[in-house]
Amino acid sequence: MVSFPERLLMATLLALSAPPIGEGPPLRGFSEESARVQREWESKFRSTPEPDSLREAMRVLSRRPHHLGSTRDSVNADWIVQKLRSWGLDAKIETFQVLFATPKERIVELVAPHRFRATLREPALKEDPTSSQQAEQLPSYNAFSRDGDVTAPLVYVNYGIPEDYDRLQRLGVSVKGAIVIARYGRSWRGIKPKLAAEHGAVGCLIYSDPEDDGYHAGDVYPRGPYRPREGVQRGSVLDMPLYAGDPLTPGVGATADAKRLDRNEAPTITKIPVLPLSYADAEPLLQALGGRPAPRNWMGGLPITYHLGPGPARVHLRVRSDWRLTPARDVIVRIPGSVAPDEWIIRGNHHDAWVNGAEDPISGLVALLEEARGLATLLKQGWHPRRTIILAAWDGEEPMMLGSTEWAETHAEELAKHAVAYINTDGNGRGFLSADGSPALQRFISQVARDIADPEANMNVLTRARLRAIATASSGDRRKEARARADLLVDPMGSGSDYTAFYHHLGIASLDLSFGGEDDGGIYHSIYDSFHWFTTFSDTAFVYERALAQTVGTAVMRLADAELLPYEFTSLAQRARTNLREVQDLLKAMRDSVEEQNRQVGESVFVAVNDPRRPTVAPTVEELPPHLNFTPIENGTDRLGRAADQYEKALTNAMKDGGKALRSDEVDRVNASLLLTERALAPEAGLPRRPWYKNLLSAPGWYTGYAAKTLPGVREAIEGKRWAEAEEQAATLGRMLEEEAGAIERAAEELERLH
Ligand SMILES: [Zn+2]
């Protein structure tokens with residue numbers, strides 16, 4: 001206990017160090033007067049989230065398996081609606097009819113050189129009470145695998161990513177007519193069957209290697225947080241880089257009467273059958289493989305020598321699903337704006353899980369609910385957000401962002417007019433704040449992070465994230481960059497959660513936020529992602545859960561209340577310049593490598609190093625990649641940089657006299673122009689071969705999946721050696737950057753005229 005004089009001293013020190021409520025550094029987009037009021041409301045808000053209520057909501061929502069279409073999924077949605085209504089919020093359910101595949105038959109068996117049948121089962125653990133709810137659990141499977149029944153020789157393909165197939169080709173191993181076995185990791189899972197099919201395989205198995213999230217990483221569940229022998233990662237294998245959402249209704253909402261594709265025509269369903277395996281089930285298959293040993297860095301964590309095959313292992317793979325239209329029930333709350341009701345701030349997290357999903361998604365969803373409770377409390381105390389706030393608990397995220405995508409497509413026209421920003425979370429852990437999203441929101445979210453106290457380190461979450469970036473920098477240059485950066489680095493958006501339709505399809509400024517880095521484990525998409533796991537190994541005190549609610553709630557309030565939208569464009573211009581340099585470096589590296597390889601072919605290097613007992617296929621002379629015309633992008637980024645500076649100057653001028661200019665009614669005109677700046681990044685034509693993806697700054701990679709490809713039109717054309725397309729895309733991108741600069745210039749001019 002602290003003695004009285006000490007307490008007095010501490011109180012004095014606190015009073016000296018903390019500014020009085022309402023004071024603090026300027027808030028972007030607020031006049032000084034409004035910033036004072038805002039800080040008072042925000043500090044009230046941040047005192048509302050409670051670890052106990054976060055914990056209780058997680059307990060309730062993860063009590064039983066609740067995948068899309070299950071009884072519990074529906075019960076949870078209703079529970080969420082009731083909770084929100086009990087706080088006085090206007091909550092309702094919007095339902096869509098989406099295609100969903102659930103397993104009917106699953107067989108994986110070794111038929112030669114001996115027989116073994118995979119159990120395809122995750123056993124209950126006595127320590128984990130929800131792991132025994134087998135009757136309600138979706139069995140382990142990959143949703144939207146094509147139905148099929150194949151028997152074929154097995155080939156080990158490492159992670160099954162493009163460079164692995166290049167390597168196999170050099171080693172003279174073909175997967176044509178084979179079933180491949182790939183380990184999870186290094187790419188999004190849907191890429192593995194896609195590439196396998198492109199290389200002629202007839203089936204695909206994906207297993208969790210203990211090197212990645214099993215005993216190689218640490219103690220396994222229930223002793224530690226990592227994947228146990230029988231743990232399986234479920235997950236969707238739809239071809240997400242083509243389009244997200246319901247496979248039958250690309251680009252339009254999956255309402256009851258929507259026009260639907262025939263299932264056989266749906267291009268995102270896999271071309272070959274796929275099933276996931278635990279390492280317990282994978283080991284006998286891998287052990288039965290012959291052929292040459294796998295390359296050294298392809299050896300995983302199992303106590304065997306990995307071989308490539310093909311054969312003598314032959315595998316029988318049979319997958320049959322129940323394909324049906326399933327209701328996806330999104331919970332939507334609307335808090336109307338008092339001054340600018342036609343400007344919308346949207347905040348979402350999904351509510352469906354693969355099984356119990358305490359971490360994914362409930363740890364993010366309970367933060368959202370706690371934010372809702374906090375906002376509801378403020379509303380009762382007289383807070384009136386300037387803009388409209390929409391809160392969403394999405395259904396059907398796991399099968400492929402179904403609930404959020406169908407909602408976004410259904411409301412596309414309104415969203416294009418009204419949406420200011422979409423903020424997403426999808427689960428949460430312990431550690432450091434990280435953000436993916438729009439560069440235009442980097443400065444904004446950094447200012448929010450500056451005002452959130454880290455619950456376990458004695459500093460704010462911005463400082464902690466910045467210092468960590470220094471600690472983990474991969475090179476001296478990166479470290480220098482990290483030291484110079486005042487902001488939290490907002491990484492480019494790939495895919496893998498509900499922001500996909502908002503950011504990539506509709507061009508809405510977005511953020512995806514979470515705490516993590518001190519919460520490793522291996523229960524992802526298994527029956528062991530449970531309340532017991534989370535409360536034993538993750539944010540056991542629910543303090544990072546509280547920090548997440550404080551962070552996102554503050555961001556939502558600030559976006560909703562700022563007089564001027566807090567976008568900022570110098571980060572955007574900088575990002576475009578960096579990405580351009582990367583693409584130029586990529587082309588140069590490709591030229592250098594082809595040049596070197598051709599030279600070595602000429603010198604007979606490959607003949608000399610070929611071991612005739614273990615022969616490899618020598619490369620042949622390749623055409624040298626041409627120089628490309630990047631001038632349109634260079635001109636575009638230059639103008640973008642100037643426009644960004646012009647906007648910052650206009651804002652500095654507007655902030656004279658305490659930002660009185662921002663209190664003018666005319667500020668709405670500037671905001672209307674600002675809204676268009678993010679839309680300009682996503683022109684209607686979209687990317688080649690995948691027009692659903694419209695954002696030209698970043699996209700999920702065609703052959704990487706979740707991981708973002710920046711300047712994807714140009715970059716992927718170069719990677720695919722489609723030179724004419726690369727030049728076309730450079731011109732398209734240049735035009736887009738000019739448009740974007742123009743939109744920023746208009747906003748800057750309007751801001752300059754405010755007085
Ligand atoms: Zn999730």
# chains A, B, ... in the order shown; residues from 1 in each chain; ligands from 1
>>> residues_near_ligand(ligand="ligand 1", cutoff="6 Å", atoms="only C-alpha atoms and all ligand atoms", output="ChimeraX atom specification")
/A:360-361,426
>>> closest_atom_pairs(of="segment 121-202 of chain A", to="segment 297-311 of chain A", cutoff="7 Å", atoms="only C-alpha atoms", output="JSON lines")
{"residue": "A:Pro153", "atom": "CA", "partner": "A:Gly311", "partner_atom": "CA", "distance": 4.9}
{"residue": "A:Leu154", "atom": "CA", "partner": "A:Pro310", "partner_atom": "CA", "distance": 5.3}
{"residue": "A:Val155", "atom": "CA", "partner": "A:Pro310", "partner_atom": "CA", "distance": 4.8}
{"residue": "A:Tyr156", "atom": "CA", "partner": "A:Leu308", "partner_atom": "CA", "distance": 4.8}
{"residue": "A:Asn158", "atom": "CA", "partner": "A:Trp298", "partner_atom": "CA", "distance": 5.7}
>>> closest_residue(among="A:Ala743, A:Val621, A:Leu651, A:Ala708", to="Arg639 of chain A", atoms="only C-alpha atoms")
A:Ala743
>>> residues_around(residues="Thr616 of chain A", least_positions_apart="3", cutoff="9 Å", atoms="only C-alpha atoms", output="ChimeraX atom specification")
/A:169-172,606,610-612
>>> residues_around(residues="segment 713-729 of chain A", least_positions_apart="6", cutoff="8 Å", atoms="only C-alpha atoms", output="ChimeraX atom specification")
/A:583,587,625-626,628-630,687-688,696,702
>>> residues_around(residues="Ser446 of chain A", least_positions_apart="3", cutoff="6 Å", atoms="only C-alpha atoms", output="list in words")
Arg443, Ala449, Asp487 and Leu488 of chain A
>>> atom_distance(atom1="atom CA of Val333 of chain A", atom2="atom CA of Gly245 of chain A")
21.5 Å
>>> select_by_dssp(residues="segment 129-172 of chain A", states="alpha helix (DSSP H)", output="list in words")
Pro162, Glu163, Asp164, Tyr165, Asp166, Arg167, Leu168, Gln169 and Arg170 of chain A
>>> write_last_selection(atoms="all heavy atoms", output="PDB file, in the first residue's frame")
ATOM      1  N   PRO A 162       5.279 -19.871 -56.217  1.00  0.00           N
ATOM      2  CA  PRO A 162       5.907 -19.903 -57.544  1.00  0.00           C
ATOM      3  C   PRO A 162       7.378 -20.335 -57.535  1.00  0.00           C
ATOM      4  O   PRO A 162       7.786 -21.168 -58.352  1.00  0.00           O
ATOM      5  CB  PRO A 162       5.750 -18.459 -58.040  1.00  0.00           C
ATOM      6  CG  PRO A 162       4.487 -17.998 -57.393  1.00  0.00           C
ATOM      7  CD  PRO A 162       4.491 -18.641 -56.037  1.00  0.00           C
ATOM      8  N   GLU A 163       8.185 -19.811 -56.588  1.00  0.00           N
ATOM      9  CA  GLU A 163       9.609 -20.176 -56.623  1.00  0.00           C
ATOM     10  C   GLU A 163       9.820 -21.661 -56.328  1.00  0.00           C
ATOM     11  O   GLU A 163      10.801 -22.248 -56.781  1.00  0.00           O
ATOM     12  CB  GLU A 163      10.409 -19.298 -55.646  1.00  0.00           C
ATOM     13  CG  GLU A 163       9.996 -19.459 -54.207  1.00  0.00           C
ATOM     14  CD  GLU A 163      10.582 -18.351 -53.309  1.00  0.00           C
ATOM     15  OE1 GLU A 163      10.143 -17.192 -53.452  1.00  0.00           O
ATOM     16  OE2 GLU A 163      11.457 -18.666 -52.488  1.00  0.00           O
ATOM     17  N   ASP A 164       8.888 -22.283 -55.587  1.00  0.00           N
ATOM     18  CA  ASP A 164       9.008 -23.716 -55.327  1.00  0.00           C
ATOM     19  C   ASP A 164       8.807 -24.530 -56.608  1.00  0.00           C
ATOM     20  O   ASP A 164       9.478 -25.541 -56.833  1.00  0.00           O
ATOM     21  CB  ASP A 164       7.992 -24.161 -54.265  1.00  0.00           C
ATOM     22  CG  ASP A 164       8.283 -23.540 -52.901  1.00  0.00           C
ATOM     23  OD1 ASP A 164       9.456 -23.213 -52.638  1.00  0.00           O
ATOM     24  OD2 ASP A 164       7.328 -23.364 -52.107  1.00  0.00           O
ATOM     25  N   TYR A 165       7.865 -24.071 -57.456  1.00  0.00           N
ATOM     26  CA  TYR A 165       7.653 -24.787 -58.723  1.00  0.00           C
ATOM     27  C   TYR A 165       8.829 -24.574 -59.677  1.00  0.00           C
ATOM     28  O   TYR A 165       9.196 -25.473 -60.432  1.00  0.00           O
ATOM     29  CB  TYR A 165       6.323 -24.366 -59.362  1.00  0.00           C
ATOM     30  CG  TYR A 165       5.159 -25.025 -58.646  1.00  0.00           C
ATOM     31  CD1 TYR A 165       4.451 -24.352 -57.649  1.00  0.00           C
ATOM     32  CD2 TYR A 165       4.812 -26.344 -58.931  1.00  0.00           C
ATOM     33  CE1 TYR A 165       3.422 -24.970 -56.969  1.00  0.00           C
ATOM     34  CE2 TYR A 165       3.772 -26.971 -58.256  1.00  0.00           C
ATOM     35  CZ  TYR A 165       3.083 -26.276 -57.264  1.00  0.00           C
ATOM     36  OH  TYR A 165       2.071 -26.901 -56.593  1.00  0.00           O
ATOM     37  N   ASP A 166       9.469 -23.385 -59.608  1.00  0.00           N
ATOM     38  CA  ASP A 166      10.679 -23.170 -60.414  1.00  0.00           C
ATOM     39  C   ASP A 166      11.760 -24.158 -59.994  1.00  0.00           C
ATOM     40  O   ASP A 166      12.441 -24.767 -60.823  1.00  0.00           O
ATOM     41  CB  ASP A 166      11.224 -21.736 -60.210  1.00  0.00           C
ATOM     42  CG  ASP A 166      10.294 -20.681 -60.794  1.00  0.00           C
ATOM     43  OD1 ASP A 166       9.384 -21.066 -61.572  1.00  0.00           O
ATOM     44  OD2 ASP A 166      10.458 -19.489 -60.467  1.00  0.00           O
ATOM     45  N   ARG A 167      11.890 -24.316 -58.691  1.00  0.00           N
ATOM     46  CA  ARG A 167      12.900 -25.226 -58.147  1.00  0.00           C
ATOM     47  C   ARG A 167      12.627 -26.667 -58.577  1.00  0.00           C
ATOM     48  O   ARG A 167      13.536 -27.392 -58.989  1.00  0.00           O
ATOM     49  CB  ARG A 167      12.875 -25.101 -56.618  1.00  0.00           C
ATOM     50  CG  ARG A 167      14.000 -25.775 -55.884  1.00  0.00           C
ATOM     51  CD  ARG A 167      15.264 -24.962 -55.987  1.00  0.00           C
ATOM     52  NE  ARG A 167      16.426 -25.663 -55.445  1.00  0.00           N
ATOM     53  CZ  ARG A 167      16.876 -25.495 -54.201  1.00  0.00           C
ATOM     54  NH1 ARG A 167      16.277 -24.662 -53.390  1.00  0.00           N
ATOM     55  NH2 ARG A 167      17.936 -26.153 -53.782  1.00  0.00           N
ATOM     56  N   LEU A 168      11.347 -27.077 -58.483  1.00  0.00           N
ATOM     57  CA  LEU A 168      10.991 -28.441 -58.877  1.00  0.00           C
ATOM     58  C   LEU A 168      11.331 -28.684 -60.343  1.00  0.00           C
ATOM     59  O   LEU A 168      11.819 -29.749 -60.717  1.00  0.00           O
ATOM     60  CB  LEU A 168       9.487 -28.684 -58.649  1.00  0.00           C
ATOM     61  CG  LEU A 168       9.053 -28.935 -57.208  1.00  0.00           C
ATOM     62  CD1 LEU A 168       7.528 -28.984 -57.125  1.00  0.00           C
ATOM     63  CD2 LEU A 168       9.651 -30.239 -56.662  1.00  0.00           C
ATOM     64  N   GLN A 169      11.085 -27.672 -61.139  1.00  0.00           N
ATOM     65  CA  GLN A 169      11.365 -27.807 -62.571  1.00  0.00           C
ATOM     66  C   GLN A 169      12.860 -28.033 -62.796  1.00  0.00           C
ATOM     67  O   GLN A 169      13.257 -28.909 -63.565  1.00  0.00           O
ATOM     68  CB  GLN A 169      10.874 -26.539 -63.266  1.00  0.00           C
ATOM     69  CG  GLN A 169      10.602 -26.715 -64.753  1.00  0.00           C
ATOM     70  CD  GLN A 169      11.577 -25.911 -65.577  1.00  0.00           C
ATOM     71  OE1 GLN A 169      12.000 -24.837 -65.166  1.00  0.00           O
ATOM     72  NE2 GLN A 169      11.949 -26.445 -66.717  1.00  0.00           N
ATOM     73  N   ARG A 170      13.686 -27.264 -62.071  1.00  0.00           N
ATOM     74  CA  ARG A 170      15.143 -27.439 -62.173  1.00  0.00           C
ATOM     75  C   ARG A 170      15.558 -28.842 -61.733  1.00  0.00           C
ATOM     76  O   ARG A 170      16.511 -29.419 -62.247  1.00  0.00           O
ATOM     77  CB  ARG A 170      15.874 -26.414 -61.293  1.00  0.00           C
ATOM     78  CG  ARG A 170      15.796 -24.964 -61.755  1.00  0.00           C
ATOM     79  CD  ARG A 170      16.705 -24.711 -62.957  1.00  0.00           C
ATOM     80  NE  ARG A 170      18.059 -25.222 -62.750  1.00  0.00           N
ATOM     81  CZ  ARG A 170      19.000 -24.614 -62.021  1.00  0.00           C
ATOM     82  NH1 ARG A 170      18.742 -23.445 -61.455  1.00  0.00           N
ATOM     83  NH2 ARG A 170      20.176 -25.152 -61.880  1.00  0.00           N
TER      84      ARG A 170
END
>>> closest_residue(among="A:Asn349, A:Ser278, A:Asn356, A:Ser698", to="Pro228 of chain A", atoms="only C-alpha atoms")
A:Ser278
>>> closest_residue(among="A:Gly24, A:Gly200, A:Pro51, A:Gly357", to="Ser131 of chain A", atoms="only C-alpha atoms")
A:Gly357
>>> select_by_dssp(residues="segment 281-357 of chain A", states="strand (DSSP E)", output="PyMOL selection string")
chain A and resi 314-335+340-350
